[in-house]
>>> print(open('protein.cif').read())   # mmCIF, C-alpha atoms
data_protein
#
loop_
_atom_site.label_atom_id
_atom_site.label_comp_id
_atom_site.auth_asym_id
_atom_site.auth_seq_id
_atom_site.Cartn_x
_atom_site.Cartn_y
_atom_site.Cartn_z
CA MET Z 74 -12.25 -40.17 -178.24
CA LYS Z 75 -11.03 -38.08 -175.28
CA LYS Z 76 -12.99 -38.30 -172.06
CA LEU Z 77 -13.67 -35.38 -169.74
CA VAL Z 78 -15.36 -36.24 -166.45
CA ILE Z 79 -16.81 -33.52 -164.20
CA LEU Z 80 -17.62 -34.41 -160.60
CA GLY Z 81 -20.37 -32.20 -159.20
CA ALA Z 82 -23.25 -30.48 -161.00
CA GLY Z 83 -23.40 -27.41 -158.79
CA THR Z 84 -22.52 -23.90 -159.91
CA ALA Z 85 -18.94 -24.50 -161.08
CA GLY Z 86 -19.53 -27.97 -162.52
CA THR Z 87 -22.61 -26.96 -164.49
CA MET Z 88 -20.99 -23.82 -165.87
CA VAL Z 89 -17.86 -25.62 -167.02
CA ALA Z 90 -19.93 -28.41 -168.63
CA ASN Z 91 -21.91 -25.84 -170.62
CA ARG Z 92 -18.87 -23.81 -171.61
CA LEU Z 93 -16.73 -26.75 -172.69
CA ARG Z 94 -19.58 -28.44 -174.53
CA ARG Z 95 -19.65 -25.44 -176.83
CA LEU Z 96 -15.88 -25.12 -177.18
CA LEU Z 97 -14.73 -28.74 -177.56
CA ASP Z 98 -15.09 -30.68 -180.80
CA ARG Z 99 -18.08 -32.97 -180.28
CA ASP Z 100 -16.59 -35.63 -182.55
CA GLU Z 101 -13.46 -35.80 -180.41
CA TRP Z 102 -14.73 -35.33 -176.85
CA GLN Z 103 -17.09 -37.20 -174.54
CA ILE Z 104 -18.20 -35.15 -171.52
CA THR Z 105 -19.75 -36.79 -168.46
CA ILE Z 106 -20.99 -35.01 -165.33
CA VAL Z 107 -21.80 -36.83 -162.07
CA ASP Z 108 -23.92 -35.73 -159.13
CA GLN Z 109 -26.06 -37.59 -156.59
CA ASN Z 110 -28.82 -34.98 -156.32
CA GLU Z 111 -31.57 -34.11 -158.81
CA THR Z 112 -32.11 -30.58 -157.49
CA HIS Z 113 -30.02 -27.51 -158.21
CA TYR Z 114 -30.12 -24.86 -155.49
CA TYR Z 115 -29.61 -21.14 -155.89
CA GLN Z 116 -27.67 -20.95 -152.66
CA PRO Z 117 -27.42 -17.13 -152.38
CA GLY Z 118 -31.22 -17.19 -152.07
CA PHE Z 119 -31.14 -19.18 -148.82
CA LEU Z 120 -30.25 -15.94 -147.04
CA PHE Z 121 -33.61 -14.38 -147.91
CA ILE Z 122 -35.86 -17.29 -146.93
CA PRO Z 123 -35.83 -16.71 -143.13
CA PHE Z 124 -37.10 -13.17 -143.68
CA GLY Z 125 -39.88 -14.10 -146.09
CA MET Z 126 -38.20 -12.40 -149.08
CA TYR Z 127 -37.89 -15.70 -151.00
CA SER Z 128 -39.71 -19.00 -150.75
CA LYS Z 129 -38.27 -22.46 -151.24
CA ASN Z 130 -39.62 -22.59 -154.77
CA ASP Z 131 -37.60 -19.49 -155.69
CA VAL Z 132 -34.28 -21.25 -155.13
CA ILE Z 133 -34.73 -24.73 -156.61
CA LYS Z 134 -34.83 -26.12 -160.14
CA PRO Z 135 -34.07 -29.55 -161.66
CA ARG Z 136 -30.38 -30.04 -162.41
CA ARG Z 137 -31.23 -31.62 -165.74
CA ASP Z 138 -32.65 -28.32 -166.99
CA PHE Z 139 -29.10 -26.94 -167.07
CA ILE Z 140 -27.07 -29.89 -168.34
CA PRO Z 141 -26.38 -29.30 -172.05
CA ALA Z 142 -27.51 -31.75 -174.71
CA GLY Z 143 -24.82 -34.25 -175.54
CA VAL Z 144 -23.35 -34.30 -172.03
CA GLU Z 145 -24.00 -37.54 -170.14
CA PHE Z 146 -25.50 -36.86 -166.71
CA ILE Z 147 -25.08 -39.68 -164.20
CA MET Z 148 -27.02 -39.63 -160.94
CA SER Z 149 -24.86 -41.41 -158.36
CA PRO Z 150 -22.80 -40.85 -155.23
CA ILE Z 151 -19.06 -40.93 -155.93
CA GLU Z 152 -17.27 -43.74 -154.13
CA LEU Z 153 -13.62 -43.01 -154.93
CA ILE Z 154 -11.31 -41.10 -157.23
CA GLU Z 155 -8.32 -43.18 -158.33
CA PRO Z 156 -5.93 -40.68 -159.94
CA GLU Z 157 -3.15 -43.23 -160.48
CA HIS Z 158 -5.51 -45.18 -162.71
CA ASN Z 159 -7.36 -42.18 -164.25
CA ARG Z 160 -10.73 -43.46 -163.13
CA VAL Z 161 -13.65 -42.72 -160.81
CA ARG Z 162 -15.63 -45.37 -158.98
CA LEU Z 163 -19.33 -44.66 -158.53
CA ALA Z 164 -21.52 -46.07 -155.78
CA ARG Z 165 -24.37 -46.89 -158.16
CA ASP Z 166 -24.04 -50.27 -159.85
CA ASN Z 167 -20.31 -50.34 -159.01
CA ARG Z 168 -19.76 -48.39 -162.20
CA THR Z 169 -16.30 -47.14 -163.12
CA LEU Z 170 -15.61 -44.08 -165.27
CA SER Z 171 -12.26 -43.66 -166.98
CA TYR Z 172 -11.06 -40.19 -167.92
CA ASP Z 173 -8.36 -38.33 -169.77
CA PHE Z 174 -9.11 -35.16 -167.80
CA LEU Z 175 -10.98 -34.78 -164.53
CA VAL Z 176 -12.63 -31.64 -163.14
CA ILE Z 177 -13.56 -31.87 -159.46
CA ALA Z 178 -16.33 -29.43 -158.56
CA THR Z 179 -17.84 -31.21 -155.56
CA GLY Z 180 -18.27 -28.01 -153.56
CA THR Z 181 -18.34 -27.56 -149.81
CA GLN Z 182 -20.91 -28.59 -147.20
CA THR Z 183 -21.74 -27.58 -143.63
CA HIS Z 184 -20.88 -29.94 -140.76
CA PRO Z 185 -22.71 -28.94 -137.58
CA ASP Z 186 -21.81 -32.34 -136.10
CA GLN Z 187 -18.18 -31.18 -135.86
CA THR Z 188 -19.01 -28.72 -133.04
CA THR Z 189 -19.93 -30.32 -129.71
CA GLY Z 190 -23.50 -29.58 -128.66
CA LEU Z 191 -24.49 -27.84 -131.88
CA HIS Z 192 -26.28 -30.63 -133.70
CA GLU Z 193 -28.09 -32.21 -130.76
CA HIS Z 194 -31.60 -32.01 -129.30
CA GLU Z 195 -32.01 -28.24 -129.85
CA TRP Z 196 -31.18 -28.37 -133.56
CA HIS Z 197 -33.92 -26.47 -135.42
CA LYS Z 198 -35.57 -25.64 -132.09
CA SER Z 199 -33.43 -22.89 -130.56
CA ILE Z 200 -30.44 -23.45 -132.90
CA TYR Z 201 -30.72 -22.90 -136.64
CA ASP Z 202 -28.62 -22.53 -139.75
CA PHE Z 203 -29.42 -20.81 -143.04
CA TYR Z 204 -26.75 -22.42 -145.24
CA THR Z 205 -29.04 -25.36 -146.04
CA ILE Z 206 -32.52 -25.24 -147.53
CA GLU Z 207 -33.87 -27.20 -144.54
CA GLY Z 208 -32.31 -24.79 -142.05
CA ALA Z 209 -33.45 -21.66 -143.89
CA VAL Z 210 -37.06 -22.90 -144.13
CA ALA Z 211 -37.11 -24.00 -140.48
CA LEU Z 212 -35.72 -20.63 -139.35
CA ALA Z 213 -38.35 -18.79 -141.41
CA ARG Z 214 -41.04 -20.78 -139.65
CA HIS Z 215 -39.52 -19.97 -136.23
CA LEU Z 216 -39.16 -16.23 -136.90
CA ARG Z 217 -42.83 -15.91 -137.83
CA THR Z 218 -43.80 -16.34 -134.18
CA TRP Z 219 -40.61 -15.36 -132.29
CA GLN Z 220 -41.29 -12.47 -129.94
CA GLY Z 221 -37.74 -11.32 -129.33
CA GLY Z 222 -34.74 -11.91 -127.11
CA ARG Z 223 -31.03 -12.30 -127.78
CA LEU Z 224 -30.21 -13.53 -131.28
CA VAL Z 225 -26.60 -14.61 -131.66
CA LEU Z 226 -25.12 -15.25 -135.08
CA ASN Z 227 -21.92 -17.28 -134.81
CA VAL Z 228 -19.44 -18.31 -137.50
CA VAL Z 229 -17.67 -21.46 -136.30
CA GLU Z 230 -14.58 -21.24 -138.50
CA ASN Z 231 -13.38 -19.98 -141.87
CA PRO Z 232 -13.31 -20.52 -144.81
CA ILE Z 233 -17.04 -20.60 -145.49
CA LYS Z 234 -19.23 -20.37 -148.56
CA CYS Z 235 -20.09 -16.76 -149.37
CA PRO Z 236 -18.05 -15.10 -146.60
CA VAL Z 237 -20.27 -12.00 -146.56
CA ALA Z 238 -23.51 -13.95 -145.97
CA PRO Z 239 -23.27 -13.81 -142.14
CA LEU Z 240 -22.93 -10.02 -142.31
CA GLU Z 241 -25.90 -9.86 -144.66
CA PHE Z 242 -27.96 -12.04 -142.34
CA ILE Z 243 -27.39 -9.87 -139.28
CA MET Z 244 -28.17 -6.66 -141.22
CA LEU Z 245 -31.30 -8.16 -142.77
CA ALA Z 246 -32.34 -9.30 -139.28
CA ASP Z 247 -32.03 -5.70 -138.08
CA TRP Z 248 -34.31 -4.57 -140.93
CA PHE Z 249 -36.73 -7.48 -140.46
CA PHE Z 250 -37.24 -6.85 -136.76
CA HIS Z 251 -37.73 -3.12 -137.38
CA GLU Z 252 -40.42 -4.01 -139.91
CA GLN Z 253 -42.03 -6.38 -137.41
CA GLY Z 254 -42.05 -3.73 -134.68
CA LEU Z 255 -39.79 -5.94 -132.54
CA ARG Z 256 -36.38 -4.30 -132.87
CA ASP Z 257 -36.44 -2.83 -129.37
CA ARG Z 258 -37.04 -6.36 -128.03
CA VAL Z 259 -34.23 -8.01 -130.00
CA GLU Z 260 -30.55 -7.93 -129.10
CA LEU Z 261 -28.33 -8.78 -132.09
CA ILE Z 262 -24.84 -10.21 -131.55
CA TYR Z 263 -22.37 -11.19 -134.26
CA ALA Z 264 -19.69 -13.56 -132.89
CA THR Z 265 -16.92 -14.13 -135.43
CA PRO Z 266 -13.52 -15.83 -135.32
CA LEU Z 267 -12.15 -12.92 -137.36
CA PRO Z 268 -10.73 -9.75 -135.77
CA GLY Z 269 -13.75 -7.75 -136.95
CA ALA Z 270 -16.70 -7.57 -139.30
CA PHE Z 271 -14.45 -6.27 -142.10
CA THR Z 272 -10.82 -7.30 -142.03
CA LYS Z 273 -9.27 -5.53 -145.03
CA PRO Z 274 -7.99 -2.05 -144.08
CA ILE Z 275 -9.80 0.05 -146.69
CA ALA Z 276 -13.10 -1.81 -146.36
CA SER Z 277 -12.79 -1.50 -142.60
CA LYS Z 278 -12.20 2.26 -142.90
CA HIS Z 279 -15.33 2.69 -144.99
CA LEU Z 280 -17.64 0.10 -143.43
CA GLY Z 281 -16.14 -0.80 -140.07
CA ASP Z 282 -18.85 0.95 -138.06
CA ILE Z 283 -21.86 -0.17 -140.10
CA LEU Z 284 -22.93 -2.85 -137.60
CA GLU Z 285 -22.42 -0.48 -134.68
CA ARG Z 286 -24.72 2.02 -136.40
CA LYS Z 287 -27.32 -0.72 -136.68
CA ASN Z 288 -26.97 -1.50 -132.97
CA VAL Z 289 -25.36 -4.89 -133.59
CA GLN Z 290 -22.75 -5.98 -131.07
CA VAL Z 291 -19.66 -7.54 -132.66
CA VAL Z 292 -17.69 -10.09 -130.64
CA PRO Z 293 -14.40 -10.54 -132.54
CA GLU Z 294 -11.95 -13.44 -132.34
CA PHE Z 295 -14.58 -15.73 -130.81
CA MET Z 296 -13.31 -19.25 -131.43
CA ILE Z 297 -16.18 -21.52 -130.42
CA GLU Z 298 -15.27 -24.71 -128.57
CA HIS Z 299 -18.74 -26.05 -127.77
CA VAL Z 300 -22.42 -25.23 -127.42
CA ASP Z 301 -24.35 -25.82 -124.20
CA PRO Z 302 -27.86 -26.22 -125.66
CA ASP Z 303 -29.53 -26.63 -122.26
CA ALA Z 304 -27.99 -23.48 -120.77
CA ARG Z 305 -28.34 -21.79 -124.16
CA LYS Z 306 -24.82 -20.48 -124.44
CA ILE Z 307 -21.81 -20.85 -126.70
CA VAL Z 308 -18.38 -21.26 -125.16
CA ALA Z 309 -15.05 -20.33 -126.74
CA TYR Z 310 -11.69 -22.03 -126.27
CA ASP Z 311 -10.63 -19.13 -124.02
CA GLU Z 312 -13.76 -19.83 -121.88
CA GLN Z 313 -15.56 -16.70 -123.03
CA GLU Z 314 -19.30 -17.35 -123.00
CA ILE Z 315 -22.20 -15.80 -124.90
CA GLU Z 316 -25.76 -16.56 -123.86
CA TYR Z 317 -28.52 -16.69 -126.44
CA ASP Z 318 -32.25 -17.14 -126.83
CA LEU Z 319 -31.89 -17.94 -130.51
CA LEU Z 320 -28.63 -19.16 -132.02
CA VAL Z 321 -28.06 -18.89 -135.77
CA THR Z 322 -24.92 -20.77 -136.71
CA VAL Z 323 -22.66 -20.96 -139.72
CA PRO Z 324 -21.21 -24.42 -139.04
CA LEU Z 325 -17.80 -25.68 -140.06
CA ASN Z 326 -17.56 -25.90 -143.85
CA MET Z 327 -15.72 -28.85 -145.38
CA GLY Z 328 -15.19 -30.23 -148.86
CA ASN Z 329 -16.76 -33.45 -150.05
CA GLU Z 330 -15.78 -36.61 -148.19
CA VAL Z 331 -14.82 -38.35 -151.44
CA VAL Z 332 -11.87 -35.95 -151.60
CA ALA Z 333 -10.65 -37.24 -148.24
CA ARG Z 334 -11.27 -40.88 -149.15
CA SER Z 335 -9.25 -40.39 -152.32
CA GLY Z 336 -6.32 -38.74 -150.55
CA LEU Z 337 -6.61 -35.54 -152.58
CA GLY Z 338 -7.48 -32.92 -149.96
CA ASP Z 339 -6.20 -30.92 -147.02
CA GLU Z 340 -7.55 -31.18 -143.47
CA LEU Z 341 -10.84 -29.59 -144.60
CA ASN Z 342 -11.08 -31.74 -147.75
CA TYR Z 343 -10.19 -28.92 -150.15
CA ILE Z 344 -7.96 -29.69 -153.12
CA ALA Z 345 -4.64 -27.96 -153.63
CA VAL Z 346 -4.36 -26.53 -157.14
CA ASP Z 347 -2.41 -23.79 -158.88
CA LYS Z 348 -4.26 -20.59 -157.99
CA HIS Z 349 -4.05 -19.24 -161.54
CA THR Z 350 -4.81 -22.37 -163.61
CA PHE Z 351 -6.65 -24.78 -161.20
CA VAL Z 352 -4.41 -27.70 -162.17
CA SER Z 353 -3.30 -30.14 -159.46
CA PRO Z 354 0.42 -29.96 -158.66
CA THR Z 355 0.44 -33.75 -158.28
CA TYR Z 356 -1.81 -34.93 -161.11
CA PRO Z 357 -1.50 -32.80 -164.28
CA ASN Z 358 -4.83 -34.04 -165.71
CA ILE Z 359 -6.89 -33.15 -162.62
CA PHE Z 360 -8.43 -29.73 -161.94
CA ALA Z 361 -10.52 -28.37 -159.08
CA LEU Z 362 -13.01 -25.55 -159.62
CA GLY Z 363 -15.41 -23.66 -157.39
CA ASP Z 364 -15.66 -24.28 -153.67
CA ALA Z 365 -13.79 -27.60 -153.89
CA ALA Z 366 -10.51 -25.81 -154.63
CA ALA Z 367 -8.13 -24.62 -151.91
CA LEU Z 368 -7.68 -21.09 -153.22
CA PRO Z 369 -6.83 -17.88 -151.31
CA THR Z 370 -10.04 -16.19 -152.44
CA SER Z 371 -13.72 -16.32 -151.56
CA LYS Z 372 -15.82 -19.44 -151.97
CA ALA Z 373 -18.54 -17.65 -153.89
CA GLY Z 374 -20.54 -17.98 -157.08
CA SER Z 375 -18.86 -14.96 -158.67
CA VAL Z 376 -15.46 -16.57 -158.17
CA ALA Z 377 -16.68 -19.75 -159.83
CA HIS Z 378 -18.01 -17.72 -162.77
CA PHE Z 379 -14.80 -15.76 -163.29
CA ALA Z 380 -12.76 -18.94 -162.78
CA VAL Z 381 -14.70 -20.84 -165.44
CA ASP Z 382 -14.33 -17.90 -167.83
CA CYS Z 383 -10.55 -18.09 -167.43
CA PHE Z 384 -10.36 -21.88 -167.33
CA ALA Z 385 -12.33 -22.74 -170.45
CA GLU Z 386 -10.07 -21.20 -173.08
CA ASN Z 387 -7.01 -22.22 -171.07
CA PHE Z 388 -8.18 -25.84 -171.04
CA LEU Z 389 -8.36 -25.87 -174.82
CA ARG Z 390 -4.70 -24.86 -174.97
CA TYR Z 391 -3.77 -27.49 -172.42
CA ALA Z 392 -5.66 -30.28 -174.16
CA ASP Z 393 -3.70 -29.44 -177.34
CA GLY Z 394 -0.41 -29.89 -175.50
CA LEU Z 395 0.32 -26.23 -174.78
CA GLU Z 396 1.25 -24.84 -171.38
CA MET Z 397 -1.55 -23.27 -169.37
CA LEU Z 398 -1.42 -19.52 -168.92
CA PRO Z 399 -1.73 -17.95 -165.42
CA THR Z 400 -4.99 -16.25 -166.34
CA PHE Z 401 -7.11 -16.31 -163.15
CA ASP Z 402 -6.34 -13.48 -160.71
CA GLY Z 403 -8.68 -14.46 -157.86
CA HIS Z 404 -11.38 -12.02 -158.97
CA ALA Z 405 -14.39 -11.88 -156.65
CA ASN Z 406 -17.41 -9.60 -156.87
CA CYS Z 407 -20.01 -9.66 -154.11
CA PHE Z 408 -23.19 -7.71 -153.45
CA ILE Z 409 -23.90 -7.38 -149.72
CA GLU Z 410 -27.45 -6.79 -148.54
CA SER Z 411 -27.42 -4.16 -145.78
CA GLY Z 412 -31.15 -3.85 -145.12
CA PHE Z 413 -33.81 -1.19 -145.66
CA GLY Z 414 -33.66 -1.69 -149.43
CA LYS Z 415 -29.97 -0.93 -149.72
CA GLY Z 416 -26.84 -2.91 -150.41
CA LEU Z 417 -23.07 -2.76 -150.70
CA LEU Z 418 -20.69 -4.05 -153.36
CA ILE Z 419 -17.10 -5.23 -153.11
CA ASP Z 420 -14.76 -6.12 -155.98
CA PHE Z 421 -11.27 -7.53 -155.35
CA ASN Z 422 -8.74 -10.19 -156.30
CA TYR Z 423 -5.66 -11.96 -154.93
CA ASP Z 424 -3.56 -8.79 -154.85
CA VAL Z 425 -6.01 -5.89 -154.60
CA GLU Z 426 -8.31 -5.46 -151.63
CA PRO Z 427 -11.82 -3.98 -151.97
CA LEU Z 428 -11.62 -0.32 -153.01
CA PRO Z 429 -14.26 2.43 -153.30
CA GLY Z 430 -15.44 3.66 -156.68
CA LYS Z 431 -18.04 2.87 -159.32
CA TYR Z 432 -18.76 -0.43 -161.08
CA PRO Z 433 -18.75 -1.56 -163.82
CA LEU Z 434 -18.53 1.80 -165.68
CA PRO Z 435 -15.96 4.26 -164.28
CA GLY Z 436 -17.67 7.27 -162.75
CA VAL Z 437 -21.09 6.01 -163.82
CA GLY Z 438 -21.72 2.69 -162.11
CA PRO Z 439 -24.63 2.16 -161.70
CA PHE Z 440 -23.23 0.30 -158.70
CA SER Z 441 -21.19 1.90 -155.90
CA LEU Z 442 -18.23 0.14 -154.30
CA LEU Z 443 -17.92 0.19 -150.50
CA GLU Z 444 -20.99 2.40 -150.26
CA GLU Z 445 -24.65 1.70 -149.49
CA SER Z 446 -27.09 2.30 -152.33
CA GLU Z 447 -30.48 1.19 -153.59
CA ALA Z 448 -28.88 0.25 -156.91
CA ASN Z 449 -26.67 -2.27 -155.11
CA HIS Z 450 -29.72 -3.83 -153.49
CA TRP Z 451 -31.46 -4.22 -156.84
CA GLY Z 452 -28.28 -5.63 -158.32
CA LYS Z 453 -28.37 -8.33 -155.69
CA MET Z 454 -32.06 -9.05 -156.26
CA MET Z 455 -31.67 -9.20 -160.06
CA PHE Z 456 -28.76 -11.61 -159.79
CA ARG Z 457 -31.11 -14.57 -159.28
CA TRP Z 458 -32.56 -14.11 -162.78
CA LEU Z 459 -29.05 -13.69 -164.19
CA TYR Z 460 -27.91 -16.85 -162.41
CA TRP Z 461 -30.67 -19.10 -163.76
CA ASN Z 462 -30.79 -17.66 -167.26
CA THR Z 463 -27.19 -16.73 -168.08
CA LEU Z 464 -24.44 -17.72 -165.67
CA LEU Z 465 -25.45 -21.32 -165.01
CA LYS Z 466 -25.76 -21.93 -168.73
CA GLY Z 467 -22.15 -20.90 -169.20
CA GLN Z 468 -22.94 -17.81 -171.22
CA GLU Z 469 -20.44 -14.98 -171.20
CA LEU Z 470 -21.19 -11.61 -169.64
CA PRO Z 471 -19.93 -8.28 -171.01
CA LEU Z 472 -17.66 -8.02 -167.98
CA PRO Z 473 -13.99 -9.01 -167.80
CA ALA Z 474 -13.16 -12.15 -165.84
CA ARG Z 475 -10.01 -10.50 -164.57
CA MET Z 476 -10.48 -7.61 -162.16
CA SER Z 477 -10.24 -4.12 -163.66
CA MET Z 478 -8.96 -1.08 -161.79
CA ALA Z 479 -11.15 1.18 -163.94
CA GLY Z 480 -13.51 3.20 -161.78
CA LYS Z 481 -11.71 2.43 -158.52
CA TRP Z 482 -10.05 5.00 -156.35
CA LYS Z 483 -6.39 4.49 -155.63
CA GLN Z 484 -5.53 3.13 -152.21
CA ALA Z 485 -4.06 6.31 -150.77
CA GLU Z 486 -7.04 8.36 -151.94
CA ALA Z 487 -9.42 5.76 -150.53
CA LEU Z 488 -7.85 5.94 -147.10
CA TRP Z 489 -7.75 9.72 -147.09
CA THR Z 490 -11.37 10.21 -148.16
CA SER Z 491 -12.81 7.53 -145.91
CA PRO Z 492 -16.05 8.58 -144.13
CA SER Z 493 -14.37 7.74 -140.84
CA ARG Z 494 -12.05 10.74 -141.37
CA ASN Z 495 -14.92 13.18 -141.87
#
>>> encode(input="protein.cif", output="structure tokens")
Amino acid sequence: MKKLVILGAGTAGTMVANRLRRLLDRDEWQITIVDQNETHYYQPGFLFIPFGMYSKNDVIKPRRDFIPAGVEFIMSPIELIEPEHNRVRLARDNRTLSYDFLVIATGTQTHPDQTTGLHEHEWHKSIYDFYTIEGAVALARHLRTWQGGRLVLNVVENPIKCPVAPLEFIMLADWFFHEQGLRDRVELIYATPLPGAFTKPIASKHLGDILERKNVQVVPEFMIEHVDPDARKIVAYDEQEIEYDLLVTVPLNMGNEVVARSGLGDELNYIAVDKHTFVSPTYPNIFALGDAAALPTSKAGSVAHFAVDCFAENFLRYADGLEMLPTFDGHANCFIESGFGKGLLIDFNYDVEPLPGKYPLPGVGPFSLLEESEANHWGKMMFRWLYWNTLLKGQELPLPARMSMAGKWKQAEALWTSPSRN
């Protein structure tokens, strides 16, 4: 019997376990999935908790509810991956798992301890995060009684999970403080290591001034060196300083430490794989999916979904001795909350940047690309139901995994008709 081991029961790991359980012959394959946590988190929902739009109970469910029957689920930390021996050592009971094929889907985690002064005595007092359930809940509690001042949102370094989430946070904050009657007492600053809020030319043409219109100050190319929690300021490597009353941080994101211990990752513990097939260039029976993979696309749930769609059928070919096809194109699809009951939508891949248009039906939508709409907001809000009931269970959607140009304006037209030219 062939053995498939999946490390990580997050979004990518759970989806691939469900998909392959249905596709692989149950008499020939044994599938095992390993994770050290009982709880599955709907991570896109963390964004809404500080503003009272979601509660903690809206974003958590037991992992076991989504592991398919017939797949062995082992609760244990992972001690070491030994690719030369085709085995994984677990921390619990010194157990060893052998495998014929290994899928690493151990995700990415925040590391506030990697920035001097960030994770010290002011953590969850005047400094908060919203990329963890603990941080989001603590920030919600703080905002209930906060009476205003300078709120600074800082991204320490890229790549990060859900790259648009910091933009969403600052725009939802603008809406939240308007609703609370506090907006005139709150100064919002977005300090990013990137050259701007939107870095792709067409998206920048269409949306580049959206934060300015919301009275949010953007501080580009801010590379934070340390936090001075007593003076309440962040300091960049070029000695630029930004004072704050309330600091909301997106800390350094890194892959799982087992990747580093096993010698499989880069400096941020992400695993190099072929960007079209997810196979390791060093170990032909190891794959990395989801946030654990070092891919030139977003670390987002939509990417994991499209990746698993492409990977599943491809894996069947590969397991039968056929060459994998370069099927994944880096497709990412992200709703962006922009506040006041509206949202944005971007759709792109490795080669095509976000373009304006309609999605998924050309000329019809109902969603608009690179344009604010109420439909986009409701698309974002409905995604939670879709995530729990369809995507996580590995069910297919009536949408292509590879990006389609249908409904998108061509690049030259997009630049010419940009609102900034009107």
>>> atom_distance(input="protein.cif", atom1="CA of Lys134 (chain Z)", atom2="CA of Gly83 (chain Z)")
11.6 Å
>>> atom_distance(input="protein.cif", atom1="CA of Val229 (chain Z)", atom2="CA of Asn326 (chain Z)")
8.8 Å
>>> closest_atom_pairs(input="protein.cif", of="region 245-301 of chain Z", to="region 187-201 of chain Z", cutoff="8 Å", atoms="only C-alpha atoms", output="CSV")
residue,atom,partner,partner_atom,distance
Z:Glu298,CA,Z:Thr188,CA,7.1
Z:His299,CA,Z:Thr189,CA,4.8
Z:Val300,CA,Z:Gly190,CA,4.7
Z:Asp301,CA,Z:Gly190,CA,5.9
>>> residues_around(input="protein.cif", residues="region 308-325 of chain Z", least_positions_apart="4", cutoff="6 Å", atoms="all atoms listed in the file", output="list in words")
Thr183, His184, Pro185, Ser199, Ile200, Tyr201, Asp202, Gly222, Arg223, Leu224, Val225, Leu226, Asn227, Val228, Val229, Glu230, Met296, Ile297, Glu298 and His299 of chain Z
>>> atom_distance(input="protein.cif", atom1="CA of Met454 (chain Z)", atom2="CA of Phe242 (chain Z)")
14.8 Å
>>> closest_residue(input="protein.cif", among="Z:Glu340, Z:Asp282, Z:Glu386, Z:Asp402", to="Leu368 (chain Z)", atoms="all atoms listed in the file")
Z:Asp402
>>> resolve_selection(input="protein.cif", expression="the PyMOL selection byres ((chain Z and resi 481) around 9)", output="PyMOL selection string")
chain Z and resi 428-432+435-436+442+477-480+482-484+487
>>> closest_residue(input="protein.cif", among="Z:Val291, Z:Met126, Z:Leu170, Z:Val237", to="Lys76 (chain Z)", atoms="only C-alpha atoms")
Z:Leu170
>>> closest_residue(input="protein.cif", among="Z:Ile344, Z:Met148, Z:Val78, Z:Val132", to="Pro117 (chain Z)", atoms="all atoms listed in the file")
Z:Val132
>>> closest_residue(input="protein.cif", among="Z:Leu77, Z:Val292, Z:Ala213, Z:Ala90", to="Leu267 (chain Z)", atoms="all atoms listed in the file")
Z:Val292
>>> closest_residue(input="protein.cif", among="Z:Val331, Z:Leu341, Z:Ala264, Z:Leu175", to="Ala361 (chain Z)", atoms="only C-alpha atoms")
Z:Leu175
>>> closest_residue(input="protein.cif", among="Z:Glu444, Z:Glu207, Z:Asp393, Z:Asp166", to="Asp98 (chain Z)", atoms="only C-alpha atoms")
Z:Asp393
>>> resolve_selection(input="protein.cif", expression="the PyMOL selection byres ((chain Z and resi 466-476) around 6)", output="PyMOL selection string")
chain Z and resi 88+91-92+379+404+463-465+477
>>> resolve_selection(input="protein.cif", expression="the PyMOL selection byres ((chain Z and resi 270) around 10)", output="PyMOL selection string")
chain Z and resi 237+239-240+263-269+271-273+276-277+280-284+291-293
>>> residues_around(input="protein.cif", residues="Pro123 (chain Z)", least_positions_apart="3", cutoff="8 Å", atoms="only C-alpha atoms", output="VMD selection string")
chain Z and resid 119 to 120 126 203 209 to 214 216
>>> residues_around(input="protein.cif", residues="His251 (chain Z)", least_positions_apart="2", cutoff="12 Å", atoms="all atoms listed in the file", output="ChimeraX atom specification")
/Z:124,221,244-249,253-260,287-288,412-413
>>> residues_around(input="protein.cif", residues="Gly452 (chain Z)", least_positions_apart="3", cutoff="8 Å", atoms="only C-alpha atoms", output="list of chain:residue names")
Z:Phe408, Z:Phe440, Z:Ala448, Z:Asn449, Z:Met455, Z:Phe456
